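See below for input-v5.csv, which holds CSV, C-alpha atoms.
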```
chain,number,residue,atom,x,y,z
A,1,MET,CA,17.8,-20.2,18.8
A,2,MET,CA,14.4,-19.3,20.3
A,3,ARG,CA,11.1,-20.0,18.6
A,4,PHE,CA,7.6,-18.7,19.1
A,5,ASP,CA,4.3,-20.6,19.1
A,6,PHE,CA,0.7,-19.7,19.5
A,7,LYS,CA,-1.8,-22.2,21.0
A,8,LEU,CA,-5.1,-20.3,21.1
A,9,LYS,CA,-7.8,-22.0,19.0
A,10,GLY,CA,-10.7,-20.1,17.3
A,11,GLU,CA,-13.4,-22.0,19.2
A,12,LYS,CA,-12.0,-20.6,22.5
A,13,ILE,CA,-12.8,-17.0,21.5
A,14,TRP,CA,-15.8,-17.7,19.3
A,15,TYR,CA,-18.2,-17.1,22.2
A,16,LEU,CA,-16.6,-13.7,22.8
A,17,ILE,CA,-17.1,-12.7,19.2
A,18,LEU,CA,-20.7,-13.9,19.3
A,19,ILE,CA,-21.4,-11.9,22.5
A,20,LEU,CA,-19.8,-8.8,20.8
A,21,VAL,CA,-22.1,-9.2,17.7
A,22,LEU,CA,-25.2,-9.5,20.0
A,23,VAL,CA,-24.2,-6.4,21.9
A,24,ILE,CA,-23.7,-4.4,18.7
A,25,SER,CA,-27.0,-5.7,17.4
A,26,ASN,CA,-28.7,-4.7,20.7
A,27,ARG,CA,-27.2,-1.2,20.4
A,28,TYR,CA,-28.5,-0.9,16.9
A,29,PHE,CA,-32.1,-1.9,17.9
A,30,THR,CA,-31.9,0.4,20.9
A,31,ASN,CA,-31.1,3.3,18.6
A,32,GLU,CA,-33.9,2.3,16.2
A,33,LEU,CA,-36.3,2.1,19.1
A,34,ALA,CA,-35.2,5.6,20.3
A,35,LYS,CA,-36.0,7.1,16.9
A,36,LYS,CA,-39.5,5.8,17.0
A,37,ILE,CA,-40.3,7.5,20.3
A,38,ASP,CA,-42.6,10.5,20.0
A,39,LEU,CA,-40.9,13.9,19.9
A,40,SER,CA,-42.5,15.4,23.0
A,41,ASP,CA,-40.3,17.0,25.6
A,42,TYR,CA,-40.9,14.2,28.0
A,43,ASN,CA,-40.1,11.5,25.3
A,44,ASN,CA,-37.0,13.4,24.2
A,45,ILE,CA,-35.6,12.9,27.7
A,46,SER,CA,-36.6,9.2,27.5
A,47,LYS,CA,-35.0,8.9,24.1
A,48,ALA,CA,-31.8,10.4,25.4
A,49,LEU,CA,-31.8,8.2,28.5
A,50,LEU,CA,-32.4,5.1,26.3
A,51,LYS,CA,-29.4,6.0,24.1
A,52,ILE,CA,-27.1,6.7,27.0
A,53,SER,CA,-28.1,3.5,28.7
A,54,GLY,CA,-27.4,1.6,25.5
A,55,ILE,CA,-23.9,3.2,25.1
A,56,PHE,CA,-23.2,2.5,28.8
A,57,VAL,CA,-24.1,-1.2,28.6
A,58,PHE,CA,-22.2,-1.5,25.3
A,59,GLY,CA,-19.1,0.1,26.8
A,60,ILE,CA,-19.1,-2.2,29.9
A,61,ILE,CA,-19.5,-5.3,27.8
A,62,ASN,CA,-16.9,-4.1,25.3
A,63,ILE,CA,-14.4,-3.6,28.2
A,64,ILE,CA,-15.0,-7.1,29.6
A,65,LEU,CA,-14.7,-8.7,26.1
A,66,SER,CA,-11.5,-6.8,25.2
A,67,PHE,CA,-10.0,-7.9,28.6
A,68,LEU,CA,-10.8,-11.6,28.0
A,69,ILE,CA,-9.5,-11.5,24.4
A,70,ILE,CA,-6.2,-9.8,25.4
A,71,LYS,CA,-5.7,-12.3,28.3
A,72,ASN,CA,-6.4,-15.3,26.1
A,73,ILE,CA,-4.0,-14.0,23.4
A,74,ILE,CA,-1.1,-13.2,25.7
A,75,ASN,CA,-1.5,-16.5,27.7
A,76,SER,CA,-1.4,-18.4,24.4
A,77,ILE,CA,2.0,-17.0,23.2
A,78,TYR,CA,4.9,-19.4,23.8
A,79,LEU,CA,8.6,-18.9,23.5
A,80,ASN,CA,10.8,-22.0,23.7
A,81,ASP,CA,7.7,-23.9,25.1
A,82,LYS,CA,7.3,-21.4,27.9
A,83,SER,CA,4.2,-19.3,27.9
A,84,PHE,CA,3.7,-15.6,28.5
A,85,VAL,CA,1.4,-14.8,31.4
A,86,PHE,CA,-1.0,-11.9,31.8
A,87,LEU,CA,-1.4,-11.3,35.5
A,88,VAL,CA,-4.1,-8.7,36.1
A,89,GLN,CA,-7.6,-8.6,37.5
A,90,LEU,CA,-10.7,-7.4,35.5
A,91,GLY,CA,-11.3,-4.7,38.0
A,92,GLU,CA,-7.9,-3.1,37.4
A,93,TYR,CA,-8.4,-3.2,33.6
A,94,PHE,CA,-11.9,-1.8,34.0
A,95,TRP,CA,-10.7,1.1,36.1
A,96,LEU,CA,-7.9,1.9,33.6
A,97,VAL,CA,-10.2,2.1,30.6
A,98,VAL,CA,-13.1,4.0,32.4
A,99,SER,CA,-10.8,6.6,34.1
A,100,SER,CA,-8.8,7.2,31.0
A,101,THR,CA,-11.9,7.5,28.8
A,102,PHE,CA,-13.3,10.1,31.3
A,103,LEU,CA,-10.0,12.1,31.2
A,104,MET,CA,-10.1,12.0,27.3
A,105,ILE,CA,-13.6,13.4,27.3
A,106,ILE,CA,-13.0,16.3,29.8
A,107,THR,CA,-9.7,17.2,28.0
A,108,LEU,CA,-11.4,17.2,24.5
A,109,PHE,CA,-9.2,14.1,23.6
A,110,ILE,CA,-5.9,15.9,24.3
A,111,TYR,CA,-5.3,13.1,26.9
A,112,THR,CA,-5.5,10.5,24.1
A,113,PRO,CA,-1.7,9.9,23.6
A,114,PHE,CA,-1.2,9.7,27.4
A,115,TYR,CA,-4.1,7.1,27.6
A,116,ILE,CA,-2.4,5.1,24.8
A,117,ARG,CA,0.9,5.2,26.7
A,118,ARG,CA,-0.8,4.3,30.0
A,119,TYR,CA,-2.7,1.4,28.3
A,120,VAL,CA,0.4,0.0,26.7
A,121,LYS,CA,2.4,0.3,29.9
A,122,PHE,CA,-0.4,-1.4,31.9
A,123,ILE,CA,-0.5,-4.4,29.5
A,124,SER,CA,3.3,-4.7,29.3
A,125,SER,CA,3.9,-4.3,33.0
A,126,ASN,CA,1.4,-7.1,33.7
A,127,THR,CA,2.8,-9.4,31.0
A,128,TYR,CA,5.4,-11.9,32.4
A,129,TYR,CA,7.8,-14.3,30.8
A,130,GLU,CA,9.8,-16.6,33.1
A,131,GLU,CA,8.6,-14.5,36.1
A,132,LYS,CA,9.9,-11.2,34.7
A,133,ASN,CA,7.7,-8.5,33.3
A,134,PHE,CA,8.1,-6.0,30.5
A,135,GLU,CA,8.4,-2.3,31.0
A,136,PHE,CA,7.3,0.2,28.4
A,137,ASN,CA,9.5,3.3,27.9
A,138,GLY,CA,7.4,5.4,25.5
A,139,LYS,CA,6.5,8.9,26.6
A,140,GLY,CA,3.0,10.4,26.3
A,141,GLU,CA,4.2,13.9,25.4
A,142,GLU,CA,6.3,12.4,22.5
A,143,LEU,CA,3.3,10.7,21.0
A,144,LEU,CA,1.3,13.9,21.5
A,145,GLY,CA,3.8,15.8,19.3
A,146,ILE,CA,3.7,13.0,16.7
A,147,MET,CA,-0.1,13.1,16.6
A,148,ILE,CA,-0.4,16.9,16.3
A,149,PHE,CA,2.2,17.3,13.5
A,150,LEU,CA,1.5,14.2,11.5
A,151,LEU,CA,-2.1,13.4,12.1
A,152,VAL,CA,-4.2,16.4,13.3
A,153,ILE,CA,-2.6,19.0,11.1
A,154,PRO,CA,-3.1,17.0,7.8
A,155,TYR,CA,-6.7,16.2,8.8
A,156,VAL,CA,-7.6,19.8,9.7
A,157,THR,CA,-5.9,21.1,6.5
A,158,ILE,CA,-8.0,18.8,4.3
A,159,VAL,CA,-11.2,19.7,6.0
A,160,VAL,CA,-10.6,23.4,5.8
A,161,LEU,CA,-9.7,23.2,2.1
A,162,SER,CA,-12.8,21.1,1.4
A,163,LEU,CA,-15.0,23.7,3.0
A,164,ASN,CA,-13.4,26.4,0.8
A,165,LEU,CA,-14.1,24.6,-2.5
A,166,GLU,CA,-17.2,26.5,-3.3
A,167,GLU,CA,-16.2,27.2,-6.8
A,168,ILE,CA,-14.2,24.3,-8.4
A,169,THR,CA,-11.5,25.4,-10.8
A,170,PRO,CA,-8.7,23.3,-12.4
A,171,MET,CA,-6.1,25.2,-10.2
A,172,LYS,CA,-8.0,24.4,-7.0
A,173,ILE,CA,-8.3,20.7,-8.0
A,174,VAL,CA,-4.6,20.5,-8.6
A,175,LEU,CA,-3.9,22.3,-5.3
A,176,PHE,CA,-6.2,20.1,-3.4
A,177,ALA,CA,-4.7,16.9,-5.0
A,178,LEU,CA,-1.2,18.1,-4.1
A,179,ILE,CA,-2.1,18.9,-0.5
A,180,PHE,CA,-4.0,15.6,-0.2
A,181,PHE,CA,-0.9,13.7,-1.4
A,182,ILE,CA,1.3,15.5,1.1
A,183,ALA,CA,-1.2,14.8,3.9
A,184,PHE,CA,-1.2,11.1,2.8
A,185,ILE,CA,2.6,11.0,3.1
A,186,MET,CA,2.3,12.7,6.6
A,187,ILE,CA,-0.2,10.0,7.7
A,188,VAL,CA,2.2,7.3,6.5
A,189,SER,CA,4.9,9.0,8.4
A,190,TYR,CA,2.7,9.0,11.5
A,191,ILE,CA,2.3,5.2,11.1
A,192,PHE,CA,6.1,4.8,11.1
A,193,TYR,CA,6.8,7.1,14.0
A,194,TYR,CA,3.9,5.5,16.0
A,195,ILE,CA,5.3,2.0,15.4
A,196,LYS,CA,8.8,3.2,16.4
A,197,TRP,CA,7.4,4.9,19.5
A,198,LEU,CA,5.5,1.7,20.4
A,199,ILE,CA,8.4,-0.8,20.1
A,200,ASN,CA,10.3,0.5,23.1
A,201,PHE,CA,10.5,-2.0,26.0
A,202,ILE,CA,12.8,-3.2,28.7
A,203,TYR,CA,12.7,-6.9,29.8
A,204,SER,CA,15.0,-7.7,32.7
A,205,ASP,CA,18.3,-6.2,31.5
A,206,ILE,CA,17.4,-6.4,27.8
A,207,GLU,CA,16.3,-3.4,25.7
A,208,ILE,CA,13.9,-3.9,22.8
A,209,ARG,CA,13.8,-1.0,20.3
A,210,LEU,CA,13.1,-0.3,16.7
A,211,ARG,CA,16.1,1.1,15.0
A,212,ALA,CA,15.2,2.3,11.6
A,213,LYS,CA,15.9,5.4,9.4
A,214,ALA,CA,12.8,7.5,8.9
A,215,LYS,CA,13.2,8.3,5.2
A,216,GLN,CA,13.8,4.7,4.1
A,217,SER,CA,11.1,3.3,6.3
A,218,ILE,CA,8.5,5.9,5.2
A,219,LEU,CA,9.2,5.2,1.6
A,220,PHE,CA,8.9,1.5,2.2
A,221,LEU,CA,5.6,1.8,4.0
A,222,LEU,CA,4.3,4.2,1.3
A,223,GLY,CA,5.2,1.7,-1.4
A,224,GLN,CA,3.4,-1.2,0.4
A,225,ILE,CA,0.3,0.9,1.0
A,226,LEU,CA,0.1,2.2,-2.5
A,227,LEU,CA,0.5,-1.3,-4.0
A,228,THR,CA,-2.3,-2.5,-1.7
A,229,ILE,CA,-4.6,0.3,-2.9
A,230,ILE,CA,-3.7,0.0,-6.6
A,231,THR,CA,-4.3,-3.8,-6.5
A,232,LEU,CA,-7.7,-3.3,-4.7
A,233,PHE,CA,-6.2,-5.0,-1.6
A,234,ILE,CA,-5.2,-8.2,-3.5
A,235,TYR,CA,-1.6,-7.4,-2.5
A,236,LEU,CA,-2.6,-6.9,1.2
A,237,PRO,CA,-1.4,-10.3,2.5
A,238,ALA,CA,2.0,-9.8,0.9
A,239,ALA,CA,2.2,-6.3,2.3
A,240,ILE,CA,1.5,-7.5,5.8
A,241,ILE,CA,4.3,-10.1,5.6
A,242,LYS,CA,6.8,-7.6,4.1
A,243,ILE,CA,6.0,-5.0,6.8
A,244,ILE,CA,6.5,-7.6,9.5
A,245,GLN,CA,9.8,-8.7,7.9
A,246,TYR,CA,11.0,-5.1,7.7
A,247,ILE,CA,10.1,-4.4,11.3
A,248,ALA,CA,11.7,-7.6,12.6
A,249,ASP,CA,14.9,-6.9,10.6
A,250,ASN,CA,15.2,-3.5,12.2
A,251,ILE,CA,14.4,-4.4,15.8
A,252,ARG,CA,17.5,-4.4,18.0
A,253,ILE,CA,17.4,-6.5,21.2
A,254,ASP,CA,20.5,-6.2,23.4
A,255,ASP,CA,21.5,-6.0,27.0
A,256,TYR,CA,24.0,-3.9,28.9
A,257,THR,CA,26.7,-6.6,28.6
A,258,ASP,CA,26.7,-6.1,24.8
A,259,LYS,CA,24.9,-9.4,24.0
A,260,ILE,CA,22.7,-8.9,20.9
A,261,TYR,CA,19.6,-10.9,20.0
A,262,LYS,CA,18.7,-10.9,16.3
A,263,ILE,CA,15.2,-11.5,15.1
A,264,ASN,CA,15.0,-13.5,11.9
A,265,THR,CA,11.9,-14.4,9.8
A,266,GLU,CA,11.2,-17.5,7.8
A,267,PHE,CA,8.5,-16.3,5.4
A,268,THR,CA,8.2,-16.9,1.7
A,269,ILE,CA,6.0,-14.2,0.1
A,270,LYS,CA,4.1,-16.5,-2.3
A,271,GLU,CA,3.2,-19.1,0.4
A,272,SER,CA,2.3,-16.4,2.9
A,273,TRP,CA,0.2,-14.5,0.4
A,274,LYS,CA,-1.8,-17.7,-0.3
A,275,TYR,CA,-2.2,-18.6,3.3
A,276,LEU,CA,-3.2,-15.2,4.6
A,277,GLY,CA,-5.4,-14.6,1.5
A,278,VAL,CA,-7.3,-17.8,2.1
A,279,GLN,CA,-7.9,-16.9,5.8
A,280,ILE,CA,-9.1,-13.4,5.0
A,281,LEU,CA,-11.3,-14.7,2.2
A,282,LEU,CA,-12.9,-17.3,4.4
A,283,ALA,CA,-13.7,-14.7,7.0
A,284,ILE,CA,-15.3,-12.5,4.3
A,285,ILE,CA,-17.4,-15.2,2.6
A,286,THR,CA,-18.7,-16.6,5.9
A,287,ILE,CA,-19.8,-13.1,6.9
A,288,GLY,CA,-17.4,-13.0,9.8
A,289,ILE,CA,-18.3,-16.5,11.2
A,290,TYR,CA,-14.8,-17.8,10.5
A,291,LEU,CA,-13.1,-14.6,11.8
A,292,PRO,CA,-12.0,-16.1,15.2
A,293,TRP,CA,-10.3,-19.0,13.5
A,294,ALA,CA,-8.8,-16.8,10.8
A,295,TYR,CA,-7.5,-14.5,13.5
A,296,CYS,CA,-5.9,-17.3,15.5
A,297,ASN,CA,-4.5,-19.1,12.4
A,298,ILE,CA,-2.9,-15.9,11.1
A,299,ILE,CA,-1.2,-15.1,14.5
A,300,LYS,CA,0.1,-18.6,14.8
A,301,TYR,CA,1.4,-18.6,11.2
A,302,ILE,CA,3.3,-15.4,11.7
A,303,LEU,CA,4.7,-16.2,15.2
A,304,GLU,CA,5.9,-19.7,14.2
A,305,ARG,CA,8.1,-18.1,11.5
A,306,ILE,CA,9.8,-15.6,13.8
A,307,VAL,CA,13.1,-16.8,15.3
A,308,ILE,CA,15.3,-15.0,17.9
A,309,GLU,CA,19.0,-15.8,17.7
A,310,LYS,CA,21.7,-14.7,20.2
A,311,LYS,CA,24.9,-13.2,18.9
A,312,GLU,CA,27.8,-13.3,21.3
A,313,PRO,CA,29.8,-10.1,22.3
A,314,GLY,CA,32.2,-9.0,19.6
A,315,THR,CA,30.3,-10.5,16.7
A,316,GLN,CA,29.3,-8.0,13.9
A,317,GLN,CA,25.7,-6.8,13.8
A,318,ASN,CA,23.7,-8.1,10.9
A,319,SER,CA,23.8,-5.5,8.1
A,320,ILE,CA,20.0,-5.6,7.7
A,321,ILE,CA,19.6,-3.8,11.0
A,322,ILE,CA,19.5,0.0,10.4
A,323,GLU,CA,20.6,2.3,13.1
A,324,SER,CA,18.6,5.5,13.6
A,325,ASN,CA,20.2,8.9,13.4
```

Structure re-expressed in structure tokens:
Amino acid sequence: MMRFDFKLKGEKIWYLILILVLVISNRYFTNELAKKIDLSDYNNISKALLKISGIFVFGIINIILSFLIIKNIINSIYLNDKSFVFLVQLGEYFWLVVSSTFLMIITLFIYTPFYIRRYVKFISSNTYYEEKNFEFNGKGEELLGIMIFLLVIPYVTIVVLSLNLEEITPMKIVLFALIFFIAFIMIVSYIFYYIKWLINFIYSDIEIRLRAKAKQSILFLLGQILLTIITLFIYLPAAIIKIIQYIADNIRIDDYTDKIYKINTEFTIKESWKYLGVQILLAIITIGIYLPWAYCNIIKYILERIVIEKKEPGTQQNSIIIESN
């Protein structure tokens, strides 16, 4: 039996959050200053340069902070008292983000799924456990198809219909509501297929994949999201835990010698709802000051209740695991 632990404390990333807040504030004041500049041709150029410089500085600092946060998080994850290690230099990470952002802009964001794939592969390939790294197997073109059919098409459809609602009639309202609901289901479907695309790794000779039937999974996610909305997000902590449990139950971890590793969870919904709810509430009432501690406490709470067990060859697979078609 293998157990996770998370040893990052909120105070270790507090300064990173503080810097991020200061950077966002500086960008806001830079924009406000640009608005107050006179509208002459010369000053219009100055205003544009001021905004561009603000975005440039914000982007650089954001890249550095995201790198430091990712590195701190990965290096603080332990499995059987052995830590994961993120071995990469800031310069490599910086080049990845800048070059990919440039490619997204010049391709009118068509490159976005390939950037996501490149980013996940970069993080996983540089993450080591017991001196072995993870390899990501997701394909950029596969994610592109998922995005186009389940994200872009619903969004464009809703926008086009909204523009055509010049004269509101009961029939148009019903039609719009129907299309909006279908689009909502498609977006939930996108969430499922994105998660399934994302959980696709090789570690040494071990394959880690999400094996779940689409229909059952989409209905489950739809129910959790609707309950969260209906209860004005009071149900959110329970939804988070149930989704994590569902994903864990449907992840298959096996190697080429037919050894199977089963993920089990040790959550109780009532206790988890109370703990996560308190952490989220504290982050809200302190206007974000408690956020680093809430973030670390929630990750630690979740990881400590995830257990990996090895099933020997020939043993029957747990019935909770659902094979995809």

| 12 Å contact set for Leu87 of chain A, all atoms listed in the file, chain neighbours under 4 positions out, as a PyMOL selection string | chain A and resi 67+70-72+74-75+92-93+122-129+131-134

| Given the choices A:Leu178, A:Ile19, A:Ile263, A:Leu79, which gets closest to Glu130 of chain A if the distance is worked out from all atoms listed in the file? |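 Looking only at the distances to Glu130 of chain A, the closest residue turns out to be A:Leu79.
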
| said: Quick check, in Å to one decimal: how far apart do atom CA of Phe109 of chain A and atom CA of Phe86 of chain A lie? | reply: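 Value for the atom CA of Phe109 of chain A-atom CA of Phe86 of chain A distance: 28.5 Å.
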
| field | Between atom CA of Leu198 of chain A and atom CA of Leu151 of chain A, distance in Å (one decimal) | value |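 Going from atom CA of Leu198 of chain A over to atom CA of Leu151 of chain A, I get 16.2 Å.
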
Produce a table with one row for each residue of segment 188-273 of chain A that has an atom at most 9 Å from any atom of segment 296-302 of chain A, each row naming the nearest atom pair and its distance in Å at one decimal; use only C-alpha atoms; arrange rows by chain and rising residue number; format as JSON lines.
```
{"residue": "A:Ile241", "atom": "CA", "partner": "A:Ile302", "partner_atom": "CA", "distance": 8.1}
{"residue": "A:Ile244", "atom": "CA", "partner": "A:Ile302", "partner_atom": "CA", "distance": 8.7}
{"residue": "A:Thr265", "atom": "CA", "partner": "A:Ile302", "partner_atom": "CA", "distance": 8.9}
{"residue": "A:Phe267", "atom": "CA", "partner": "A:Ile302", "partner_atom": "CA", "distance": 8.2}
{"residue": "A:Ser272", "atom": "CA", "partner": "A:Tyr301", "partner_atom": "CA", "distance": 8.6}
```

Saved selection, atoms kept: C-alpha atoms, as a PDB file, keeping the file's coordinate frame:
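File out_0.pdb, as written:
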```pdb
ATOM      1  CA  ILE A 241       4.300 -10.100   5.600  1.00  0.00           C
ATOM      2  CA  ILE A 244       6.500  -7.600   9.500  1.00  0.00           C
ATOM      3  CA  THR A 265      11.900 -14.400   9.800  1.00  0.00           C
ATOM      4  CA  PHE A 267       8.500 -16.300   5.400  1.00  0.00           C
ATOM      5  CA  SER A 272       2.300 -16.400   2.900  1.00  0.00           C
TER       6      SER A 272
END
```

| field | Residues near segment 207-218 of chain A, cut-off 7 Å, all atoms listed in the file, skip fewer than 2 positions along chain, as a VMD selection string | value | chain A and resid 188 to 189 192 196 199 to 203 205 220 to 222 250 to 255 322 to 325

| task | To one decimal in Å, tell me the separation between atom CA of Tyr115 of chain A and atom CA of Leu144 of chain A. | result |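 We find that atom CA of Tyr115 of chain A and atom CA of Leu144 of chain A lie 10.6 Å from each other.
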
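Distance cut-off 7 Å, centre (-1.8, -18.1, 19.4), atoms counted all atoms listed in the file; the residues meeting this are A:Asp5, A:Phe6, A:Lys7, A:Leu8, A:Ile73, A:Ser76, A:Ile77, A:Cys296, A:Ile299, A:Lys300.
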
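The list of residues with at least one atom within 8 Å of Glu266 of chain A, based on only C-alpha atoms and without residues fewer than 3 positions apart in the same chain, reads Arg305, Ile306 and Val307 of chain A.
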